[in-house]
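A short worksheet on the structure shown next.
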Amino acid sequence: MRKPTENVDIFKKRRQKAIAQLGSKALIVGAHPELIRNDDVHFAYRQDTNLYYLTGFEEPESILLLLPGKNPQEVMFVRRKNPERETWDGFRYGPADAQTQFKFDQVYPIDEFETRASELLKGFDGIYYRLRKNLKMDDTVLSIAESLRRTQGRTGLGLLSIHDADEFLGEMRVIKDEVELHNLRTACEISAQGHISAMQKIRPGMSERQVQAILQYEFLNRGAAREGYNFIVASGNAATTLHYNFNDQPCRDGDLLLIDAGAEFNYYTGDITRTFPVNGQFTKPQSEVYNHVLNVQQKIIDILKPGVPFRQLHEMGTELLTDAMLDLGLLSGRKADIISSGQHRKYYPHGIGHFLGMDVHDSGKYFLKGEPRPIEAGMTFTVEPGLYIPAHDTSAPAEFRGIGVRIEDNILITANGHEVMTKSAPK
Ligand code: GLY
Ligand code: MN
Ligand code: MN
């Protein structure tokens, strides 16, 4: 029998914390549907982030119900044991073992979800559920809501209200606990080692895909389950495409190589970008662009501590990168006019960073009640300034055309300052 990958008490505590905040509403979180890749082959399965966050359970076709104040309070639905299917697809826990191994109050077979949930949800004045992630499940949940409405007769009560489960759970995930930090630091370190290996092994003429293979090998060899997002291995002008992932071109002598890659460890992912010369030597224009981006990143990282609003980092990034564009002769005019008219977006079209955790673009609000949210101890996010000058941009000085540079590190905010979790990867 397989065993849960992590200590299940962590997940039990999270369920209890969620229950304490749900009030008179129930929570429903389901697995993603399995996706067909071709014919009878599926894409590799990864559990829905929120369902894993609350259960540690990795099988498809599973649903968690949290029912505050009821007995049972934590009800899980999973696939039945099925010796024939298990011969083909491998082990599944089945309800009885899922209940003991994962410490749910009660586990039922998934095929009983609709009838059981219709009973279990009686008496709640709303549900937390995220629509449009699993259309089949939406259909079931909505028909449960409708059947509950019908049982109320002519009381004047309407359809059960639906609230966004991902918003609710997303906020729970913003401040990372010690177990999460262990996982995230490990993911960051594995990611950094992958980048180091790529830097060591790169040679002119190697294909971007061979570089991807180096990263992938290091990630898996060091204990990562998979990558946290698609590899971006972009040489030369491809680095000016933000989410380039063809990864099929040769890395040419004299070009820069931009790698944006992160390993996923226990469902937490690193998100590192490094840009370096394929032949080991920056040209003068490459180093000018690189040093600007590096200086901007360092200035922003230097001010990171609790209380600084995330918005301020974004504005600082825009100001400093616009200064760099002016200095490089990419743009001309008054800085304030450039920023207010959005001209800087031509060379820096993204934000300065994002929360990082189980999802590469992790959950969490950047504004609270319309006000910029201050960063707090336990938050983790990226700082990733970049400048991208496409080869076809004839308005840019010729020497800078075809240069794309991004430098991205992963930060933990501590009580008094910050920790750069990706510091092993050289810049
Ligand atoms: N790897 C995607 C990003 O940096 O946001
Ligand atoms: Mn990022
Ligand atoms: Mn990235």
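Labels for the structure tokens follow display order: chains A, B, ..., residues from 1 in each chain, ligands from 1.
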
Find the nearest atom pair between each residue of chain A and ligand 1 for residues within 10 Å, count only C-alpha atoms and all ligand atoms, give distances in Å to one decimal, sort rows by chain and ascending number, and present the table as a Markdown table.
| residue | atom | partner | partner_atom_place_in_ligand_line | distance |
| --- | --- | --- | --- | --- |
| A:Gly228 | CA | ligand 1 | 1 (N) | 8.6 |
| A:Tyr229 | CA | ligand 1 | 1 (N) | 6.6 |
| A:Asn230 | CA | ligand 1 | 1 (N) | 7.8 |
| A:Phe231 | CA | ligand 1 | 1 (N) | 8.0 |
| A:Ile232 | CA | ligand 1 | 1 (N) | 7.6 |
| A:Leu242 | CA | ligand 1 | 2 (C) | 8.3 |
| A:His243 | CA | ligand 1 | 2 (C) | 7.1 |
| A:Ile259 | CA | ligand 1 | 1 (N) | 9.4 |
| A:Asp260 | CA | ligand 1 | 1 (N) | 5.7 |
| A:Ala261 | CA | ligand 1 | 1 (N) | 6.6 |
| A:Gly262 | CA | ligand 1 | 1 (N) | 7.6 |
| A:Gly270 | CA | ligand 1 | 1 (N) | 9.0 |
| A:Asp271 | CA | ligand 1 | 1 (N) | 5.7 |
| A:Ile272 | CA | ligand 1 | 4 (O) | 7.2 |
| A:Thr273 | CA | ligand 1 | 4 (O) | 7.2 |
| A:His350 | CA | ligand 1 | 5 (O) | 8.8 |
| A:Gly351 | CA | ligand 1 | 5 (O) | 8.9 |
| A:Ile352 | CA | ligand 1 | 5 (O) | 9.4 |
| A:Gly353 | CA | ligand 1 | 5 (O) | 7.1 |
| A:His354 | CA | ligand 1 | 5 (O) | 7.1 |
| A:Phe355 | CA | ligand 1 | 5 (O) | 9.5 |
| A:Leu356 | CA | ligand 1 | 5 (O) | 9.1 |
| A:Val360 | CA | ligand 1 | 2 (C) | 6.7 |
| A:His361 | CA | ligand 1 | 5 (O) | 6.4 |
| A:Asp362 | CA | ligand 1 | 5 (O) | 9.9 |
| A:Thr382 | CA | ligand 1 | 4 (O) | 7.7 |
| A:Val383 | CA | ligand 1 | 4 (O) | 9.0 |
| A:Glu384 | CA | ligand 1 | 4 (O) | 7.1 |
| A:Pro385 | CA | ligand 1 | 4 (O) | 9.9 |
| A:Arg406 | CA | ligand 1 | 4 (O) | 9.1 |
| A:Ile407 | CA | ligand 1 | 4 (O) | 9.4 |
| A:Glu408 | CA | ligand 1 | 4 (O) | 7.2 |
| A:Asp409 | CA | ligand 1 | 4 (O) | 9.4 |

Tell me which protein, DNA and RNA residues are within 7 Å of region 154-170 of chain A, counting only C-alpha atoms, leaving out same-chain ones fewer than 2 positions away, and put them as a list of chain:residue names.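 These residues fall inside the cut-off: A:Leu27, A:Asn50, A:Asp125, A:Gly126, A:Ile127, A:Tyr128, A:Tyr129, A:Arg130, A:Ala145, A:Glu146, A:Arg149, A:Gln152, A:Met172, A:Arg173, A:Val174, A:Ser363, A:Gly364.
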
Go ahead and dump the residues you just picked, N, CA, C and O atoms, as a compact mmCIF listing (two decimals), in the first residue's frame.
# COMPACT_ATOMS: atom_id res chain seq x y z
N LEU A 27 -17.97 24.10 2.69
CA LEU A 27 -16.95 24.27 1.64
C LEU A 27 -16.89 23.00 0.80
O LEU A 27 -16.90 21.90 1.34
N ASN A 50 -5.79 23.52 -4.20
CA ASN A 50 -6.53 23.70 -2.94
C ASN A 50 -6.93 22.37 -2.30
O ASN A 50 -6.95 22.25 -1.08
N ASP A 125 -26.35 27.94 5.13
CA ASP A 125 -26.96 29.07 4.41
C ASP A 125 -26.14 29.49 3.20
O ASP A 125 -26.40 30.51 2.58
N GLY A 126 -25.16 28.69 2.86
CA GLY A 126 -24.38 28.99 1.65
C GLY A 126 -23.28 27.97 1.50
O GLY A 126 -23.00 27.19 2.42
N ILE A 127 -22.66 27.97 0.33
CA ILE A 127 -21.49 27.09 0.13
C ILE A 127 -20.36 27.90 -0.50
O ILE A 127 -20.59 28.82 -1.28
N TYR A 128 -19.15 27.52 -0.11
CA TYR A 128 -17.98 28.00 -0.81
C TYR A 128 -17.64 26.97 -1.87
O TYR A 128 -17.42 25.79 -1.55
N TYR A 129 -17.63 27.41 -3.11
CA TYR A 129 -17.34 26.49 -4.22
C TYR A 129 -16.86 27.34 -5.39
O TYR A 129 -17.42 28.39 -5.66
N ARG A 130 -15.82 26.90 -6.10
CA ARG A 130 -15.33 27.65 -7.26
C ARG A 130 -15.90 27.03 -8.53
O ARG A 130 -15.62 25.87 -8.84
N ALA A 145 -27.83 22.05 -5.21
CA ALA A 145 -28.36 23.32 -4.70
C ALA A 145 -29.84 23.44 -5.05
O ALA A 145 -30.67 23.86 -4.22
N GLU A 146 -30.18 23.05 -6.25
CA GLU A 146 -31.58 23.15 -6.69
C GLU A 146 -32.45 22.16 -5.92
O GLU A 146 -33.56 22.49 -5.50
N ARG A 149 -33.12 23.58 -2.59
CA ARG A 149 -34.11 24.65 -2.67
C ARG A 149 -35.52 24.05 -2.69
O ARG A 149 -36.41 24.51 -1.98
N GLN A 152 -37.07 22.95 0.53
CA GLN A 152 -37.49 24.02 1.45
C GLN A 152 -38.96 24.39 1.27
O GLN A 152 -39.50 25.17 2.04
N MET A 172 -6.05 32.02 2.80
CA MET A 172 -5.40 31.15 3.81
C MET A 172 -3.96 30.83 3.41
O MET A 172 -3.11 30.59 4.26
N ARG A 173 -3.71 30.79 2.11
CA ARG A 173 -2.40 30.35 1.62
C ARG A 173 -1.37 31.47 1.52
O ARG A 173 -0.22 31.22 1.17
N VAL A 174 -1.77 32.70 1.81
CA VAL A 174 -0.85 33.84 1.59
C VAL A 174 0.35 33.81 2.55
O VAL A 174 1.48 34.01 2.15
N SER A 363 -1.95 32.32 -5.07
CA SER A 363 -3.15 33.02 -4.69
C SER A 363 -2.82 34.16 -3.74
O SER A 363 -1.74 34.20 -3.14
N GLY A 364 -3.77 35.04 -3.55
CA GLY A 364 -3.60 36.14 -2.60
C GLY A 364 -3.91 37.46 -3.28
O GLY A 364 -3.69 37.62 -4.46

| Shell around Glu419 (chain A) at 12 Å using only C-alpha atoms, local window under 6 positions removed, as a VMD selection string | chain A and resid 181 185 188 301 to 305 377 to 382 409 to 413

Next on the checklist: Could you go through region 185-272 of chain A and tell me which residues DSSP, when run on the backbone, assigns to helix (DSSP H, G or I), listing them as a PyMOL selection string?
Outcome noted: chain A and resi 185-201+208-221+236-240

**Message:** Ranking A:Val75, A:Met199, A:Ile375, A:Val278 by minimum distance to Ile175 (chain A) and counting only C-alpha atoms, which one comes first?
**Reply:**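 Among the listed residues, the smallest separation from Ile175 (chain A) belongs to A:Ile375.
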
Fewer than 4 positions away in the same chain doesn't count, so skip those; otherwise give me all residues within 12 Å of Ser207 (chain A), counting only C-alpha atoms, as an MDAnalysis selection string. chainID A and resid 198 201:203 211:214 233:235 246:253 257 278

| task | Determine the nearest neighbour of Ser287 (chain A) from the options A:Ala336, A:Phe400, A:Lys369, A:Ser191, counting only C-alpha atoms. | result |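 Smallest distance to Ser287 (chain A) is found for A:Phe400.
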
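Relative to CA of Val308 (chain A), CA of Gly404 (chain A) is found at 29.0 Å.
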
For this session: Using DSSP on the backbone coordinates, identify the residues of region 238-407 of chain A assigned to strand (DSSP E or B); present them as a PyMOL selection string.
Result: chain A and resi 250+256-261+263-265+268-269+272-277+309+355+367-368+371-372+374+380-383+386-389+403-406

Min atom-atom distance to Arg226 (chain A) from the set A:His344, A:Leu258, A:Pro349, A:Tyr267, counting only C-alpha atoms, belongs to A:Tyr267

* Asked: Looking at only C-alpha atoms, which of A:Gly357, A:Gly94, A:Gly417, A:Gly386 is the one that sits closest to Val179 (chain A)?
  ->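 When distances to Val179 (chain A) are compared using only C-alpha atoms, the smallest one comes from A:Gly357.
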
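The protein and nucleic acid residues lying at most 12 Å from Pro109 (chain A) are Glu61, Ser62, Ile63, Leu64, Val75, Met76, Phe77, Val78, Arg79, Arg80, Lys81, Asn82, Arg92, Tyr93, Gly94, Pro95, Ala96, Asp97, Ala98, Gln99, Glu114, Thr115, Arg116 and Ala117 of chain A, with only C-alpha atoms considered and sequence neighbours fewer than 5 positions away removed.
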